Amino acid sequence: MNCIIIDDDKLSRRVVEEFVTKTEGLVLINSYENAVDAINAFNEEADIDLIFLDIEMPNENGFDLLNKYKDINFKVIFVTAYDAYALKAIKYSALDYLLKPVDKRELIAAVEKLDALESQKAQL
């Protein structure tokens, strides 16, 4: 599963990067510190299956990035310091909503949700 990370918080980004690179079945395609760089490079990347996405970032936020895509054909796990956006994240069909500082057990649980969804799809 191809992943990208978009987060302006360097420490949080590194935690997620480390998790992704050590998790079987996940491939880190790239990591960005802002939505603008991610938007500019997104179409050049390999097929993306999963985005770990911060919300509050300079210039454009995570929702701005998602609004650029008519059809979102990837899963989103929000990783943010703000709980106030949880309802909005649900409207964007968030797979999960993790609060910073990132707990590795919560990352594992979020990816397990994704694995369960993929297994259900394969059975249909």
# chains A, B, ... in the order shown; residues from 1 in each chain; ligands from 1
>>> residues_around(residues="range 58-67 of chain A", least_positions_apart="4", cutoff="12 Å", atoms="only C-alpha atoms", output="MDAnalysis selection string")
chainID A and resid 5:9 32:42 51:54 71:80 85:86 88:94
>>> select_by_dssp(residues="range 4-120 of chain A", states="strand (DSSP E)", output="list in words")
Ile4, Ile5, Ile6, Val27, Leu28, Ile29, Asn30, Ser31, Tyr32, Leu50, Ile51, Phe52, Leu53, Lys75, Val76, Ile77, Phe78, Val79, Thr80, Asp96, Tyr97, Leu98 and Leu99 of chain A
>>> atom_distance(atom1="CA of Met57 in chain A", atom2="CA of Lys22 in chain A")
26.1 Å
>>> select_by_dssp(residues="range 21-113 of chain A", states="alpha helix (DSSP H)", output="number ranges by chain")
A: 21-22, 35-42, 62-67, 86-91, 104-113
